[in-house]
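Structure, as structure tokens:
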Amino acid sequence: MPKRMNVILLISFVFILMLAGCSSTNSGIEAPKKQTQTEGSGTKTPVEQKTEEDEKDKEPVKLVFMAPWSKEQVESRFHEGTKEKFPHITIEPTGKFADAASFDELFAQNVMPDIILTTDGFDILKDRDMLLPLDDLLKERNFDFNKIRPGIMEALRARDPEGQGRLLGIPIEDVTVALHYNKAIFDKFGVDYPTDGMNWDEIVELAALVTGERDGIKYRGLATNSLSQAMTQLSANGTDPESGEPQFSKNQAFGKFFELAKRIASIPGNWEPDIQYDFIKGDVAMSLGLIANTIPHYPDELDYDVVSFPTWPDLPGIGPSTLPLTVAINKHSKHIDEALDVLEYLLSDEQQLRMHRLEVPSVSGDQSILEQFAADTLEKKGGRELNIKGIYSLQQAKPALYSPYGPDILLYGTNYVGSQVVPFLKSGDDVQTFLRKMDEDYATIVKERQLQN
């Protein structure tokens with residue numbers, strides 16, 4: 001009996017040790033090895049897995065955010081979505097553009113930005129040795145790149161100043177344009193409203209039908225605001241990436257664009273020198289505009305709707321190639337992980353939907369999210385229903401070949417091509433003559449950039 005009892009005790013002791021070992025492993029004392037995962041598999045990211053208990057005991061972290069945004073804008077875009085998720089993180093805005101003068105000013109104050117809004121691309125960050133490629137860092141977090149709307153990531157990768165196609169920033173807000181039309185004016189002229197998918201030829205013809213004088217009021221058919229986005233649909237670069245030689249007179253796409261501007265201005269009564277189009281005033285039938293600046297802010301009494309941005313006849317279904325508002329992380333930041341936590345959360349469906357329903361266009365590829373643009377704001381305006389779905393019915397154009405010499409065609413930041421539309425219309429020159437003048441003018445800009453480098 002004693003021997004039998006000893007055997008039983010020995011077996012029990014070994015069994016208890018085995019249970020203890022399993023318990024220790026499951027309790028997290030011994031961390032499991034990190035598992036790899038392919039993009040888009042649906043596994044929750046570290047941001048989604050973290051709980052308030054994980055975050056509340058962490059040391060306070062301040063992220064300096066370099067952007068020309070007010071404290072209110074930063075509060076709305078960052079803090080309202082992240083303060084519960086990351087209570088230990090605060091965002092301190094600088095209220096400054098990411099340009100050379102502003103960097104010099106911050107450095108003189110011993111301020112090093114952690115996250116940077118790149119309205120003019122990544123060249124300035126390359127010059128200041130701040131570029132931080134994000135591909136590997138996001139893959140380690142199992143980030144689903146496929147949830148971003150098609151075309152956006154391609155546009156960002158095309159902006160790598162070293163031509164390697166790296167992801168150097170995270171897109172947090174889209175730059176979305178649409179054609180807005182005043183229903184009352186179309187009704188007054190007895191003309192059918194524009195529809196999704198119309199091309200530039202059709203829109204110019206339509207503009208002519210709603211241009212003219214009625215009851216002593218001069219009505220303009222189509223404003224030329226934001227017309228430069230038609231140029232981005234053609235995916236044309238304005239300079240040779242190697243030599244910097246201007247391509248305006250050599251690339252047929254630029255001639256095509258300026259011919260369009262000339263056709264719009266040639267509609268009798270539609271354009272005149274120094275004209276200031278004002279869609280809200282009620283005398284402009286159609287206007288191209290950035291939806292973040294229009295839909296949430298138009299007055300209740302304005303009877304309007306929106307359709308997709310006009311396309312080129314030979315490029316049906318292709319919309320502008322727009323560069324979203326993008327935030328980069330400074331490679332010298334002491335808080336790269338925290339910056340990634342915040343920026344990754346900004347791309348979560350929860351946050352993208354929240355901001356999109358207010359007035360900040362989402363970069364999401366989820367149509368159910370996109371169709372809710374400004375829904376909260378519109379509900380406050382009496383539940384007005386707009387054709388938001390139509391705005392997102394186009395495929396984004398292939399980005400132009402990147403050239404370090406520019407020129408950019410941006411709705412935020414520099415826009416040399418867009419700035420030349422009015423001078424061209426005022427000049428009276430034929431298109432090719434004006435494009436040669438643009439070549440000469442921009443060659444001077446290229447030389448200045450080459451000397452700076």
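Chain labels A, B, ... are given in the sequence in which chains occur in the structure tokens; within each chain residues are numbered consecutively from 1, and ligands are likewise numbered from 1 in the order shown.
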Quick one: residues within 10 Å of Leu347 (chain A), only C-alpha atoms, excluding same-chain residues fewer than 2 positions away - as an MDAnalysis selection string? chainID A and resid 143:144 147:148 170:173 342:345 349:353 362:364
Excluding Asp430 (chain A) and residues on its chain fewer than 6 positions from it, collect all residues at most 10 Å away from it, counting only C-alpha atoms, and give them as number ranges by chain. A: 255, 258-259, 262, 424
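Residue nearest Pro320 (chain A), chosen from A:Pro268, A:Gly151, A:Gly121, A:Gly197 and counting only C-alpha atoms: A:Gly151.
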Between A:Pro273, A:Pro316, A:Pro60, A:Gly244, single out the one closest to Ile89 (chain A), counting only C-alpha atoms. A:Pro60
Contact residues around region 279-293 of chain A with only C-alpha atoms at 6 Å, ignoring same-chain residues under 4 positions, as number ranges by chain: A: 176-182, 185, 219-223, 226, 359
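Residues in contact range of Phe254 (chain A), defined as at most 10 Å between only C-alpha atoms, with sequence neighbours fewer than 5 positions away removed, read A:Met231, A:Leu234, A:Ala236, A:Asn237, A:Gly238, A:Gln247, A:Phe248, A:Ser249, A:Glu259, A:Leu260, A:Val417, A:Val431, A:Gln432, A:Leu435.
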The selected residues should be written to file as a compact mmCIF listing (two decimals), in the first residue's frame (atoms: N, CA, C and O atoms).
```txt
# COMPACT_ATOMS: atom_id res chain seq x y z
N MET A 231 -7.47 68.42 -65.58
CA MET A 231 -6.11 68.12 -66.04
C MET A 231 -5.59 66.85 -65.38
O MET A 231 -4.89 66.04 -66.00
N LEU A 234 -6.09 63.43 -66.95
CA LEU A 234 -5.29 63.06 -68.11
C LEU A 234 -3.93 62.47 -67.72
O LEU A 234 -3.16 62.05 -68.58
N ALA A 236 -1.02 63.54 -66.83
CA ALA A 236 0.12 64.09 -67.55
C ALA A 236 1.07 64.83 -66.61
O ALA A 236 0.63 65.62 -65.78
N ASN A 237 2.37 64.58 -66.74
CA ASN A 237 3.37 65.31 -65.96
C ASN A 237 3.88 66.51 -66.75
O ASN A 237 4.09 66.42 -67.97
N GLY A 238 4.08 67.62 -66.06
CA GLY A 238 4.43 68.87 -66.73
C GLY A 238 5.91 69.08 -66.98
O GLY A 238 6.29 69.98 -67.72
N GLN A 247 7.11 70.37 -70.23
CA GLN A 247 6.48 69.56 -71.26
C GLN A 247 5.15 70.13 -71.75
O GLN A 247 4.45 69.48 -72.52
N PHE A 248 4.81 71.33 -71.35
CA PHE A 248 3.48 71.86 -71.64
C PHE A 248 3.18 71.90 -73.14
O PHE A 248 2.11 71.46 -73.57
N SER A 249 4.09 72.42 -73.93
CA SER A 249 3.84 72.53 -75.37
C SER A 249 4.10 71.21 -76.09
O SER A 249 3.73 71.06 -77.25
N GLU A 259 -7.73 73.95 -74.32
CA GLU A 259 -8.81 74.07 -75.31
C GLU A 259 -10.17 73.98 -74.62
O GLU A 259 -11.12 74.68 -74.98
N LEU A 260 -10.26 73.10 -73.61
CA LEU A 260 -11.51 72.99 -72.85
C LEU A 260 -11.82 74.30 -72.14
O LEU A 260 -12.96 74.78 -72.18
N VAL A 417 -0.51 74.97 -62.94
CA VAL A 417 -1.36 74.85 -64.13
C VAL A 417 -2.69 75.57 -63.91
O VAL A 417 -3.17 76.31 -64.77
N VAL A 431 -3.76 78.39 -78.12
CA VAL A 431 -3.31 77.48 -77.07
C VAL A 431 -1.83 77.17 -77.17
O VAL A 431 -1.10 77.25 -76.17
N GLN A 432 -1.35 76.84 -78.34
CA GLN A 432 0.05 76.42 -78.47
C GLN A 432 1.02 77.56 -78.17
O GLN A 432 2.07 77.36 -77.56
N LEU A 435 1.15 77.88 -74.41
CA LEU A 435 1.87 76.77 -73.79
C LEU A 435 3.38 76.94 -73.93
O LEU A 435 4.14 76.60 -73.02
```
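Here CA of Lys389 (chain A) and CA of Glu371 (chain A) stand 5.2 Å from one another.
The two atoms in question, CA of Val327 (chain A) and CA of Thr118 (chain A), are spaced 6.0 Å apart.
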Neighbouring residues of region 380-382 of chain A were defined as those with any atom within 10 Å, considering only C-alpha atoms; residues of the same chain fewer than 3 positions away were excluded. Please report them as number ranges by chain. A: 296, 298-301, 375-377, 385
